[in-house]
Structures are given as C-alpha cells and as structure tokens.
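Structure below is upload_0.cif: mmCIF, C-alpha atoms and all ligand atoms.
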data_start
#
loop_
_atom_site.label_atom_id
_atom_site.label_comp_id
_atom_site.auth_asym_id
_atom_site.auth_seq_id
_atom_site.Cartn_x
_atom_site.Cartn_y
_atom_site.Cartn_z
CA MET A 1 17.43 -4.69 15.00
CA GLU A 2 15.75 -1.60 13.66
CA LEU A 3 12.36 -1.82 12.03
CA ILE A 4 10.90 0.66 9.56
CA ILE A 5 7.28 0.27 8.56
CA ALA A 6 6.07 2.15 5.50
CA SER A 7 2.34 1.84 4.87
CA GLY A 8 -0.42 3.81 3.19
CA ALA A 9 -2.51 5.95 5.53
CA GLN A 10 -5.46 6.48 3.14
CA TRP A 11 -7.26 4.26 0.63
CA GLY A 12 -4.28 3.08 -1.40
CA ASP A 13 -2.11 4.15 -4.31
CA GLU A 14 -0.18 6.53 -2.08
CA GLY A 15 3.06 5.65 -3.87
CA LYS A 16 4.25 2.81 -1.64
CA GLY A 17 6.42 1.34 -4.39
CA LYS A 18 8.58 4.42 -4.71
CA VAL A 19 8.58 5.17 -0.99
CA SER A 20 9.66 1.62 -0.16
CA TYR A 21 12.30 1.73 -2.85
CA TYR A 22 13.59 4.99 -1.41
CA LEU A 23 13.63 3.65 2.16
CA SER A 24 15.27 0.40 1.13
CA GLN A 25 18.59 2.24 0.81
CA PHE A 26 18.59 2.42 4.63
CA SER A 27 17.51 -1.22 5.06
CA ASP A 28 19.12 -4.65 4.95
CA VAL A 29 15.98 -6.73 4.59
CA CYS A 30 12.85 -5.67 2.67
CA MET A 31 9.76 -7.55 3.54
CA ARG A 32 6.14 -8.00 2.58
CA ALA A 33 4.01 -8.89 5.60
CA GLY A 34 0.47 -9.07 4.23
CA GLY A 35 -1.78 -8.96 1.19
CA GLY A 36 -0.79 -10.55 -2.10
CA SER A 37 -0.71 -9.71 -5.77
CA ASN A 38 -3.52 -7.20 -5.22
CA ALA A 39 -0.77 -4.73 -4.25
CA GLU A 40 0.86 -2.67 -6.97
CA ALA A 41 4.24 -0.98 -6.63
CA THR A 42 5.62 1.25 -9.35
CA PHE A 43 9.12 2.70 -8.99
CA TYR A 44 12.35 3.55 -10.80
CA HIS A 45 15.77 2.05 -10.18
CA GLU A 46 18.74 3.59 -11.97
CA GLY A 47 16.40 5.17 -14.50
CA LYS A 48 14.49 1.98 -15.29
CA GLY A 49 10.80 1.60 -14.40
CA TYR A 50 9.53 -1.42 -12.45
CA HIS A 51 6.05 -2.61 -11.69
CA PHE A 52 5.78 -5.31 -9.05
CA GLN A 53 2.79 -6.83 -7.32
CA MET A 54 4.56 -9.33 -5.10
CA ILE A 55 8.24 -8.67 -4.58
CA PRO A 56 9.35 -5.81 -2.30
CA SER A 57 10.96 -2.93 -4.23
CA GLY A 58 14.31 -3.03 -2.38
CA VAL A 59 15.24 -6.37 -3.97
CA VAL A 60 16.34 -4.53 -7.14
CA ARG A 61 18.90 -2.69 -5.01
CA GLY A 62 20.48 -6.00 -3.99
CA LYS A 63 18.76 -6.13 -0.60
CA VAL A 64 17.41 -9.30 0.99
CA GLY A 65 13.74 -9.78 0.10
CA MET A 66 11.29 -11.66 2.26
CA MET A 67 7.68 -12.80 1.88
CA GLY A 68 6.54 -13.12 5.47
CA ASP A 69 3.98 -15.39 7.13
CA GLY A 70 1.03 -13.07 6.49
CA VAL A 71 1.49 -12.93 2.72
CA LEU A 72 -0.61 -14.68 0.08
CA ILE A 73 1.42 -16.01 -2.81
CA SER A 74 0.07 -15.79 -6.36
CA CYS A 75 2.45 -18.23 -8.01
CA ASP A 76 2.03 -17.00 -11.59
CA ARG A 77 2.74 -13.40 -10.70
CA LEU A 78 5.62 -14.29 -8.40
CA MET A 79 7.19 -16.43 -11.10
CA LEU A 80 6.97 -13.60 -13.61
CA GLU A 81 8.69 -11.17 -11.26
CA LEU A 82 11.35 -13.68 -10.19
CA ARG A 83 12.16 -14.45 -13.82
CA GLN A 84 12.53 -10.75 -14.53
CA LEU A 85 14.86 -10.32 -11.55
CA GLU A 86 16.90 -13.41 -12.38
CA GLU A 87 17.35 -12.18 -15.95
CA GLU A 88 18.65 -8.86 -14.69
CA PHE A 89 20.56 -9.80 -11.57
CA GLY A 90 21.27 -13.55 -11.92
CA ASP A 91 20.38 -16.07 -9.24
CA ILE A 92 18.88 -14.37 -6.18
CA SER A 93 18.09 -17.49 -4.17
CA ASP A 94 20.70 -16.50 -1.57
CA ARG A 95 18.80 -13.27 -0.83
CA PHE A 96 15.14 -13.91 -1.52
CA MET A 97 13.07 -16.00 0.86
CA ILE A 98 9.52 -17.13 1.29
CA SER A 99 8.00 -18.26 4.57
CA GLY A 100 6.64 -21.82 4.59
CA ASN A 101 3.68 -20.38 6.46
CA ALA A 102 2.68 -17.89 3.75
CA HIS A 103 -0.44 -19.12 1.96
CA VAL A 104 -0.89 -19.97 -1.69
CA VAL A 105 -3.68 -18.51 -3.81
CA LEU A 106 -5.26 -21.37 -5.75
CA PRO A 107 -7.07 -21.13 -9.11
CA SER A 108 -10.37 -21.83 -7.32
CA HIS A 109 -9.79 -18.73 -5.17
CA ARG A 110 -9.68 -16.53 -8.26
CA ALA A 111 -12.82 -18.11 -9.66
CA LYS A 112 -14.61 -17.66 -6.33
CA ASP A 113 -13.42 -14.05 -6.09
CA ALA A 114 -14.85 -13.19 -9.49
CA PHE A 115 -18.12 -14.98 -8.75
CA LEU A 116 -18.57 -13.35 -5.33
CA ASP A 117 -17.75 -9.89 -6.56
CA GLN A 118 -20.06 -10.15 -9.52
CA ASN A 119 -23.01 -11.63 -7.66
CA VAL A 120 -22.79 -10.79 -3.97
CA LEU A 121 -20.17 -8.23 -2.94
CA LYS A 122 -20.26 -5.94 -5.98
CA ILE A 123 -17.40 -3.86 -4.59
CA ASN A 124 -15.20 -4.12 -7.67
CA THR A 125 -12.42 -6.21 -6.16
CA ILE A 126 -9.31 -6.74 -8.24
CA ARG A 127 -10.31 -10.45 -8.47
CA GLN A 128 -6.89 -11.87 -7.71
CA GLY A 129 -8.36 -14.49 -5.36
CA ILE A 130 -6.97 -12.79 -2.26
CA GLY A 131 -10.28 -12.59 -0.35
CA PRO A 132 -11.20 -16.28 -0.75
CA ALA A 133 -7.59 -17.35 0.05
CA MET A 134 -7.73 -15.28 3.27
CA ALA A 135 -11.14 -16.77 4.07
CA ASP A 136 -9.81 -20.32 3.58
CA ARG A 137 -6.91 -19.45 5.82
CA ALA A 138 -9.35 -18.35 8.53
CA TYR A 139 -11.47 -21.47 7.96
CA ARG A 140 -8.28 -23.52 8.41
CA VAL A 141 -8.65 -25.13 5.01
CA GLY A 142 -6.10 -22.89 3.30
CA VAL A 143 -2.92 -24.23 1.73
CA ASN A 144 0.37 -22.85 2.94
CA VAL A 145 3.65 -22.98 1.06
CA ASP A 146 4.90 -26.01 3.00
CA THR A 147 1.74 -28.01 2.37
CA PHE A 148 1.80 -27.03 -1.28
CA ILE A 149 5.38 -28.28 -1.62
CA ARG A 150 4.78 -31.44 0.42
CA THR A 151 1.78 -32.48 -1.70
CA GLY A 152 3.50 -31.70 -5.00
CA GLY A 153 1.03 -28.88 -5.59
CA ALA A 154 -2.00 -31.15 -5.21
CA PRO A 155 -3.20 -30.52 -1.66
CA GLU A 156 -5.83 -32.90 -0.34
CA GLY A 157 -9.40 -31.64 -0.53
CA HIS A 158 -8.56 -29.10 -3.23
CA ASP A 159 -9.45 -30.28 -6.66
CA GLU A 160 -7.42 -27.75 -8.61
CA HIS A 161 -6.80 -27.60 -12.30
CA TRP A 162 -3.27 -26.31 -12.53
CA GLU A 163 -0.99 -27.17 -15.40
CA GLU A 164 1.98 -25.23 -14.03
CA ARG A 165 1.83 -27.04 -10.67
CA GLU A 166 5.28 -28.66 -10.97
CA GLN A 167 6.97 -25.40 -11.89
CA TYR A 168 5.36 -23.70 -8.92
CA VAL A 169 6.45 -26.43 -6.52
CA GLU A 170 9.98 -26.06 -7.85
CA MET A 171 9.93 -22.28 -7.49
CA LEU A 172 8.53 -22.34 -3.94
CA SER A 173 10.96 -25.09 -2.88
CA LYS A 174 13.87 -23.03 -4.15
CA TYR A 175 12.98 -19.94 -2.14
CA ARG A 176 11.30 -21.46 0.92
CA LYS A 177 13.46 -20.64 3.95
CA ASN A 178 13.06 -20.64 7.68
CA THR A 179 12.17 -16.96 7.77
CA LYS A 180 11.20 -16.95 11.45
CA ARG A 181 14.61 -18.22 12.47
CA TYR A 182 16.22 -15.72 10.13
CA LEU A 183 14.30 -12.87 11.79
CA ALA A 184 15.09 -14.21 15.28
CA GLU A 185 18.81 -14.09 14.43
CA LEU A 186 18.43 -10.65 12.89
CA LYS A 187 16.95 -9.33 16.14
CA LYS A 188 20.33 -9.86 17.76
CA THR A 189 22.06 -7.59 15.23
CA ASP A 190 21.94 -3.90 14.32
CA LYS A 191 20.47 -4.65 10.89
CA THR A 192 17.41 -2.79 9.59
CA VAL A 193 14.23 -4.43 8.33
CA LEU A 194 11.74 -2.55 6.16
CA ILE A 195 8.13 -3.68 5.98
CA GLN A 196 6.52 -2.55 2.74
CA GLY A 197 2.79 -2.19 3.40
CA SER A 198 0.20 -3.25 0.88
CA GLN A 199 -3.17 -1.59 0.26
CA ALA A 200 -3.64 1.04 2.96
CA PHE A 201 -4.95 1.65 6.43
CA MET A 202 -8.48 2.77 5.51
CA LEU A 203 -8.87 -0.54 3.64
CA ASP A 204 -8.03 -2.57 6.76
CA ASN A 205 -10.50 -5.40 7.20
CA VAL A 206 -11.16 -4.50 10.84
CA HIS A 207 -10.58 -0.75 11.13
CA GLY A 208 -11.31 0.45 7.60
CA THR A 209 -14.43 1.48 5.73
CA TYR A 210 -16.08 -1.95 5.96
CA PRO A 211 -17.43 -3.53 3.78
CA TYR A 212 -15.41 -1.58 1.19
CA VAL A 213 -12.12 -2.93 2.46
CA THR A 214 -9.55 -5.54 1.64
CA SER A 215 -9.52 -8.98 3.25
CA SER A 216 -6.25 -8.49 5.11
CA TYR A 217 -4.98 -6.36 7.99
CA THR A 218 -3.24 -3.25 6.76
CA SER A 219 -2.78 -1.29 9.99
CA THR A 220 0.60 -1.07 11.69
CA ALA A 221 -0.53 -3.77 14.11
CA GLY A 222 -1.73 -5.95 11.22
CA LEU A 223 1.63 -5.64 9.47
CA LEU A 224 3.49 -6.58 12.65
CA GLN A 225 1.21 -9.58 13.00
CA GLY A 226 1.91 -10.65 9.40
CA ALA A 227 5.65 -10.13 9.88
CA GLY A 228 5.81 -11.89 13.24
CA LEU A 229 7.75 -8.99 14.73
CA PRO A 230 7.02 -7.41 18.11
CA TYR A 231 5.81 -3.81 18.45
CA ASN A 232 8.86 -2.65 20.38
CA THR A 233 11.18 -3.35 17.46
CA VAL A 234 9.57 -0.48 15.51
CA THR A 235 11.90 2.48 15.13
CA ARG A 236 10.10 4.40 12.38
CA ASN A 237 6.44 3.95 11.60
CA ILE A 238 5.99 5.94 8.40
CA GLY A 239 2.49 6.75 7.19
CA ILE A 240 2.42 7.42 3.47
CA VAL A 241 -0.01 10.22 2.69
CA LYS A 242 -0.85 11.26 -0.82
CA ALA A 243 -1.67 14.93 -1.49
CA TYR A 244 -5.14 13.80 -2.60
CA PRO A 245 -6.70 10.47 -1.57
CA ILE A 246 -8.02 8.13 -4.23
CA ARG A 247 -10.23 5.08 -4.36
CA PHE A 248 -9.94 2.26 -6.82
CA ASP A 249 -13.47 0.91 -6.32
CA ARG A 250 -16.63 2.64 -7.54
CA THR A 251 -18.72 2.35 -4.40
CA GLY A 252 -16.66 2.70 -1.20
CA HIS A 253 -16.52 5.74 1.08
CA LEU A 254 -14.53 8.74 -0.05
CA PRO A 255 -16.19 11.58 1.86
CA THR A 256 -14.15 14.31 0.14
CA GLU A 257 -14.61 13.04 -3.43
CA CYS A 258 -14.27 16.16 -5.57
CA ALA A 259 -16.29 17.44 -8.50
CA GLU A 260 -15.68 15.51 -11.70
CA SER A 261 -14.09 18.58 -13.36
CA ASP A 262 -11.48 18.81 -10.54
CA GLN A 263 -10.97 15.06 -10.60
CA GLU A 264 -10.23 15.24 -14.30
CA VAL A 265 -7.50 17.88 -13.84
CA ILE A 266 -5.82 15.93 -11.03
CA ARG A 267 -6.33 12.56 -12.73
CA ASN A 268 -4.61 13.71 -15.89
CA ALA A 269 -1.77 15.46 -14.05
CA GLY A 270 -1.19 12.47 -11.75
CA ASN A 271 -2.06 9.71 -14.22
CA GLU A 272 -4.66 8.32 -11.85
CA PHE A 273 -5.86 5.35 -13.84
CA ALA A 274 -5.86 1.71 -12.74
CA HIS A 275 -2.64 0.10 -13.91
CA THR A 276 -4.13 -3.00 -15.52
CA SER A 277 -7.62 -1.93 -16.63
CA GLY A 278 -6.98 1.79 -17.27
CA THR A 279 -10.16 2.62 -15.30
CA PRO A 280 -10.16 6.21 -13.97
CA LEU A 281 -9.63 6.30 -10.21
CA ARG A 282 -11.87 8.33 -7.90
CA ILE A 283 -10.16 11.35 -6.37
CA GLY A 284 -10.85 13.40 -3.23
CA TRP A 285 -9.42 16.39 -1.38
CA LEU A 286 -7.03 15.79 1.48
CA ASP A 287 -9.14 14.61 4.41
CA MET A 288 -7.81 15.54 7.86
CA VAL A 289 -10.63 13.71 9.65
CA ALA A 290 -9.67 10.42 8.03
CA LEU A 291 -5.97 11.09 8.66
CA ARG A 292 -6.60 11.90 12.34
CA TYR A 293 -8.36 8.56 12.62
CA ALA A 294 -5.45 6.78 10.88
CA GLN A 295 -3.06 8.49 13.27
CA ASP A 296 -5.15 7.58 16.28
CA ILE A 297 -5.03 3.88 15.48
CA ASN A 298 -1.47 3.66 14.09
CA HIS A 299 0.56 6.33 15.87
CA TYR A 300 2.81 7.07 12.93
CA THR A 301 6.15 8.58 13.87
CA GLU A 302 6.21 10.61 10.63
CA PHE A 303 4.58 11.05 7.24
CA PHE A 304 6.00 10.60 3.76
CA PHE A 305 3.85 13.07 1.80
CA THR A 306 3.64 12.07 -1.87
CA LYS A 307 2.53 13.56 -5.16
CA ILE A 308 2.27 17.20 -4.13
CA ASP A 309 3.78 18.04 -7.54
CA VAL A 310 0.52 16.84 -9.12
CA LEU A 311 -1.46 19.71 -7.55
CA SER A 312 0.75 22.40 -9.08
CA GLU A 313 -1.83 23.61 -11.61
CA LEU A 314 -4.55 24.32 -9.07
CA LYS A 315 -5.41 27.89 -8.11
CA GLU A 316 -7.08 26.82 -4.88
CA ILE A 317 -6.82 23.60 -2.90
CA PRO A 318 -9.68 22.75 -0.54
CA VAL A 319 -8.68 20.66 2.47
CA CYS A 320 -11.26 18.92 4.63
CA ILE A 321 -10.83 19.89 8.29
CA GLY A 322 -14.07 18.49 9.73
CA TYR A 323 -17.49 17.06 8.90
CA ARG A 324 -20.93 18.55 9.48
CA TYR A 325 -22.77 15.73 11.19
CA HIS A 326 -26.35 16.11 12.49
CA GLY A 327 -25.99 19.89 12.70
CA LYS A 328 -22.61 19.89 14.48
CA THR A 329 -19.07 20.18 13.16
CA ILE A 330 -16.89 17.27 14.22
CA ASP A 331 -13.15 17.02 13.69
CA THR A 332 -12.79 13.33 14.48
CA CYS A 333 -14.81 10.36 13.36
CA TYR A 334 -14.69 6.81 14.68
CA GLU A 335 -17.68 5.42 12.80
CA TRP A 336 -16.23 4.36 9.48
CA SER A 337 -17.85 0.95 9.04
CA ASN A 338 -21.20 1.08 7.28
CA MET A 339 -20.98 4.87 7.39
CA ASP A 340 -23.94 6.60 5.79
CA LEU A 341 -22.13 9.23 3.76
CA SER A 342 -25.26 11.32 3.29
CA GLU A 343 -25.02 12.24 7.00
CA TYR A 344 -21.45 13.57 6.79
CA GLU A 345 -20.76 16.74 4.91
CA PRO A 346 -17.09 17.74 4.62
CA VAL A 347 -16.12 21.19 5.90
CA TYR A 348 -13.31 22.70 3.85
CA LYS A 349 -10.61 25.25 4.39
CA VAL A 350 -9.45 26.54 1.03
CA LEU A 351 -5.69 26.94 0.72
CA LYS A 352 -3.95 28.89 -2.01
CA GLY A 353 -2.36 26.88 -4.79
CA TRP A 354 1.19 27.62 -5.97
CA GLN A 355 0.56 27.37 -9.72
CA ARG A 356 4.07 26.63 -10.81
CA PRO A 357 5.80 23.32 -11.46
CA ILE A 358 7.66 21.82 -8.50
CA ARG A 359 8.54 18.47 -10.01
CA GLY A 360 11.93 17.20 -8.92
CA ILE A 361 12.59 19.81 -6.22
CA GLN A 362 14.82 18.33 -3.50
CA ASP A 363 15.17 21.25 -1.12
CA PHE A 364 12.17 22.19 1.03
CA MET A 365 13.02 25.88 0.95
CA GLU A 366 12.88 25.84 -2.86
CA LEU A 367 9.20 24.95 -2.74
CA PRO A 368 6.83 27.89 -3.26
CA VAL A 369 5.57 29.24 0.06
CA GLU A 370 2.04 27.97 -0.70
CA ALA A 371 3.34 24.41 -1.09
CA ARG A 372 5.26 24.72 2.17
CA ASP A 373 2.07 26.00 3.78
CA TYR A 374 0.20 22.96 2.48
CA VAL A 375 2.74 20.68 4.18
CA ALA A 376 2.67 22.72 7.39
CA PHE A 377 -1.13 22.65 7.41
CA LEU A 378 -1.12 18.84 7.28
CA GLU A 379 1.40 18.65 10.11
CA ASP A 380 -0.57 21.06 12.22
CA GLN A 381 -3.95 19.44 11.61
CA VAL A 382 -2.90 15.85 12.25
CA GLY A 383 0.00 16.39 14.63
CA VAL A 384 2.50 14.32 12.67
CA ARG A 385 5.74 15.64 11.21
CA VAL A 386 6.21 15.34 7.45
CA SER A 387 9.80 14.15 7.21
CA LEU A 388 9.84 13.24 3.50
CA ILE A 389 8.05 14.69 0.49
CA GLY A 390 7.68 13.17 -2.99
CA THR A 391 7.96 15.66 -5.84
CA GLY A 392 7.86 13.19 -8.71
CA PRO A 393 7.85 9.46 -9.51
CA LYS A 394 11.64 9.13 -9.90
CA ASP A 395 13.75 7.80 -7.04
CA ASP A 396 15.61 11.07 -6.47
CA GLU A 397 12.51 13.27 -6.62
CA VAL A 398 12.32 13.47 -2.84
CA ILE A 399 12.70 16.24 -0.26
CA VAL A 400 14.28 15.12 3.02
CA ARG A 401 13.53 17.45 5.92
P1 LIG B 501 0.93 2.03 -4.38
O1 LIG B 501 -0.36 1.45 -4.84
O2 LIG B 501 0.79 2.87 -3.16
O3 LIG B 501 2.03 1.02 -4.28
O4 LIG B 501 1.30 3.08 -5.49
P2 LIG B 501 2.32 2.90 -6.67
O5 LIG B 501 3.65 2.53 -6.15
O6 LIG B 501 1.70 2.05 -7.73
O7 LIG B 501 2.42 4.42 -7.14
C1 LIG B 501 1.44 5.06 -7.85
C2 LIG B 501 2.07 5.95 -8.89
O8 LIG B 501 2.56 7.15 -8.28
C3 LIG B 501 3.28 5.36 -9.59
O9 LIG B 501 3.13 5.61 -10.97
C4 LIG B 501 4.47 6.12 -9.02
O10 LIG B 501 5.53 6.23 -9.94
C5 LIG B 501 3.86 7.46 -8.75
N1 LIG B 501 4.49 8.29 -7.70
C6 LIG B 501 4.94 7.92 -6.47
N2 LIG B 501 5.34 8.99 -5.76
C7 LIG B 501 5.14 10.09 -6.56
C8 LIG B 501 5.32 11.50 -6.38
O11 LIG B 501 5.73 12.01 -5.33
N3 LIG B 501 4.98 12.31 -7.44
C9 LIG B 501 4.48 11.82 -8.61
N4 LIG B 501 4.15 12.68 -9.60
N5 LIG B 501 4.27 10.50 -8.80
C10 LIG B 501 4.60 9.64 -7.79
#
What is this structure when it is put down as structure tokens?
Ligand code: GDP
Amino acid sequence: MELIIASGAQWGDEGKGKVSYYLSQFSDVCMRAGGGSNAEATFYHEGKGYHFQMIPSGVVRGKVGMMGDGVLISCDRLMLELRQLEEEFGDISDRFMISGNAHVVLPSHRAKDAFLDQNVLKINTIRQGIGPAMADRAYRVGVNVDTFIRTGGAPEGHDEHWEEREQYVEMLSKYRKNTKRYLAELKKTDKTVLIQGSQAFMLDNVHGTYPYVTSSYTSTAGLLQGAGLPYNTVTRNIGIVKAYPIRFDRTGHLPTECAESDQEVIRNAGNEFAHTSGTPLRIGWLDMVALRYAQDINHYTEFFFTKIDVLSELKEIPVCIGYRYHGKTIDTCYEWSNMDLSEYEPVYKVLKGWQRPIRGIQDFMELPVEARDYVAFLEDQVGVRVSLIGTGPKDDEVIVR
C-alpha cells in the first residue's frame, strides 16, 4: 500500500479541498482521518464547483471514500452531502464507508460549543460541536457510530432532542463498514490511500498555538492516529502551504499579520472571506519561522504551494525570515503555546513582486522570474522541495515540477 497525506502546514484554508481533489487522481481510497464538519473543502470537478465539509473530495471522481476512526460525524451535514452525491452519481454505498468507531456529534455538543465559546473560550470557534464531542470522547462518554446505531439514535445518558434520529440511524447503518479490516486488506495490495487533512498543523491541539487551536490532532502523527495506519506506510507527506497564511479567528496568533491596507488587497484578490458567515479572514505574510517549526514536527516530503496567483498585483512581497526576540534574531521558535506576541517582532526580507497575472499557468518556466524566486526562496528557507504549485482554484490550474 502507498499512503499520501495532504495536510495544511499553516493555520488553515490552504486549499486542501482542491489539493486533495487533485491528488485523488493518483489514489484508490480517499479518507478523512480527523476533525468533522468544521473542515471546509472547495474544489471543481469537470467544471462544477463543490463545497464539502465532511466527504473527501476524491469521491466525486468515483474513488472509494472513507470516514476513519478519528472523525466526528455531523449527521445533518453528512446527509446533505450524501444526498447531493447520490443525486449526481447514484447509489455510492459500495464505495463510501464510515467506521463504527467514528464519533457522532450530538445536538447538545453544538449547544455546549456555542455556550462555551460565548462565555468562556471566546476564540470564535465555528460552533459545530466538534470541541465538546472530542471532549466527550476523551471523557469516555462520547457516542460512536456503532452505539448510535445500536441504541436507535437514543444513547443512554444522552437526553437528546433529535427529530431526524431515525433517518440518521438509517444513513449510518447503510454506510457503516468494517473499515479497519478493509485497510488491513488494502495493506497487502499496491493500492494508494490519500488522507485529506482537516484544519491545519498550527491548529493542532497539542503542537499548535494553544489555546487558539482546534480540538483534534492535525499533525502528520495525529492524522495517522486517526486513520489507524502506521508511519512506515507513508510514501508522500505533502504539506500544503498557502502563499500567505490566514486565520479564521479574531484572536489567535498570526505573528506576520499584515497592515489592513495590504490585507484588503490580498483579501479581495483571493476572496478571503469565511464561507458561511462572509467574515473577512485575517491575513499575514509568509512566515518561514512557523513553517520551519511545522517541518520540524512533521517532516514533510514536499510542499504543495497554493494561491501564488493571488499575490500577482503586489509590487513587493515581504517574507518573514526570523523574529526579533529579547534583542536577538531567532530563526526557529518552539514556544507557540501561550506565546506573548508582543515579545516577537517579525524580521522581513522583501522580495520583488511580479505584477502580472499568472492564473492558470501550468509550466514552471512560464512563471515570471520573480514568482519562481518566491518559490525557490521558500524551498531554500525551509529545506523542503515545492513539487506542486496552485495557480488558480480550478482543478487543472496546477504546476507539476
Ligand atoms: P481548506 O480550508 O484548506 O480546505 O481550503 P478550501 O478548500 O476551502 O480552499 C479555499 C479556497 O481557495 C477555495 O475557494 C479554493 O477554490 C481556492 N483555491 C485553492 N487553491 C487555489 C489556488 O492555487 N489559487 C487560487 N486563486 N485559489 C485557490
């Protein structure tokens, strides 16, 4: 078996939907291994746009889709996406499977999420109930798919008000498969599995910018844990890096957050607004210190560099190569949790912009020299080869190197 992992190396929204869709052409099984409906994946298939929060992108290509053990299932969202797929492609129950050990997000989890975020956390979570469902899982009072089915959607000790309960039991029963056995059999073959990451490394609950993180484990190791696959099955560990990092929340660390006037230019060119609420996202300059940290923990084999086309208007592009910290310049940082941002001042190298459109370019040598330099600078600074570059949202707007 070959295993490709594709996960965000920054704070999210790196373009995982499109990247996973692109990589699914080389895969037999496309899998989610963690997180839940708090993930968003936007991509195009044969000219049509898709927006999924649960189902891995490759399913629209006819690939096998799997929701692994580490996933949290939001039944309403999953049902919506399954209905859409069934309308377009007919019955997919022979190629879509859900682990009995994945956990179900209950209505009370959503209510608790909203309450906690409003009154205690105040970190602007997406309020999908993912955090409380993960917490219940850790407390050992969570409800997994098998328990949900066995109790007819009315698990003991959970007094849930859920009108659609029967429909959800029916849906989960239809797709529940022995995914562990399936993967064990797959290991004996030369088939390729693709893990589509959700959220991104710097939001990892353990290694990210705690407390401004997600509740799940988004590192390479965390994804392997959620998938139940051993580390030595990994053949490609692809870090997805966006040409400018963003943050969805209003308060978490983004050391290279740029001036509002620059953010506005990039935001409008890259349409950096939250999908559901339309809230403007926070934008920063490419941060080599954060990427070196991501590389140190995850050992990516390569980068998929996305959205460089969005920077085409800029005359100059500052890139953070270090931080001034207590009078010294540091190029690595291992103190991300509870970081006091006032103590870290980004040090920038200003690169020349290319100031001409590059959208849709598929040949690296057709990129303006300044854009090629931008890619080379990233490779040199972090020590990871950029093997793929996104030059637009469409599936064929990719440079393969
Ligand atoms: P995720 O949160 O990482 O899964 O990000 P999404 O899949 O939601 O992608 C964010 C947006 O970026 C979507 O609208 C994609 O169509 C778009 N996108 C992805 N790659 C590129 C790219 O290389 N260039 C441009 N301009 N847009 C891209």
Could you list, as a PyMOL selection string, all residues that come within 6 Å of ligand LIG 501 (chain B)? Count only C-alpha atoms and all ligand atoms. chain A and resi 12-18+40-43+270+306-307+309-310+390-393
Env of Ala274 of chain A: 9 Å cut, atoms = all atoms listed in the file, seq-sep filter 6 positions within chain, self excluded. Answer as a VMD selection string. chain A and resid 248 280 to 281
Taking C-alpha atoms for each residue, export the selection above as a PDB file, in the coordinates of the input.
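Output saved as again09.pdb:
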ATOM      1  CA  PHE A 248      -9.940   2.260  -6.820  1.00  0.00           C
ATOM      2  CA  PRO A 280     -10.160   6.210 -13.970  1.00  0.00           C
ATOM      3  CA  LEU A 281      -9.630   6.300 -10.210  1.00  0.00           C
TER       4      LEU A 281
END
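Shortest separation to Glu81 of chain A among A:Tyr348, A:Val104, A:Ser277, A:Met171 occurs at residue A:Met171, atoms counted being all atoms listed in the file.
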Got a sec: who's within 8 Å of Ser7 of chain A, counting all atoms listed in the file, leaving out chain neighbours fewer than 2 positions off, as a list in words? Ile5, Ala9, Lys16, Gln196, Gly197, Ser198, Gln199, Ala200, Phe201, Thr218, Ser219, Thr220, Ile238, Gly239 and Ile240 of chain A
Please list as a ChimeraX atom specification every residue within 8 Å of Gly208 of chain A, counting only C-alpha atoms and excluding residues in the same chain fewer than 6 positions away. /A:201-202,336-337
Exercise: Asn232 of chain A partners within 12 Å, only C-alpha atoms, chain neighbours under 6 positions left out, as an MDAnalysis selection string: chainID A and resid 1:4 187 221 224
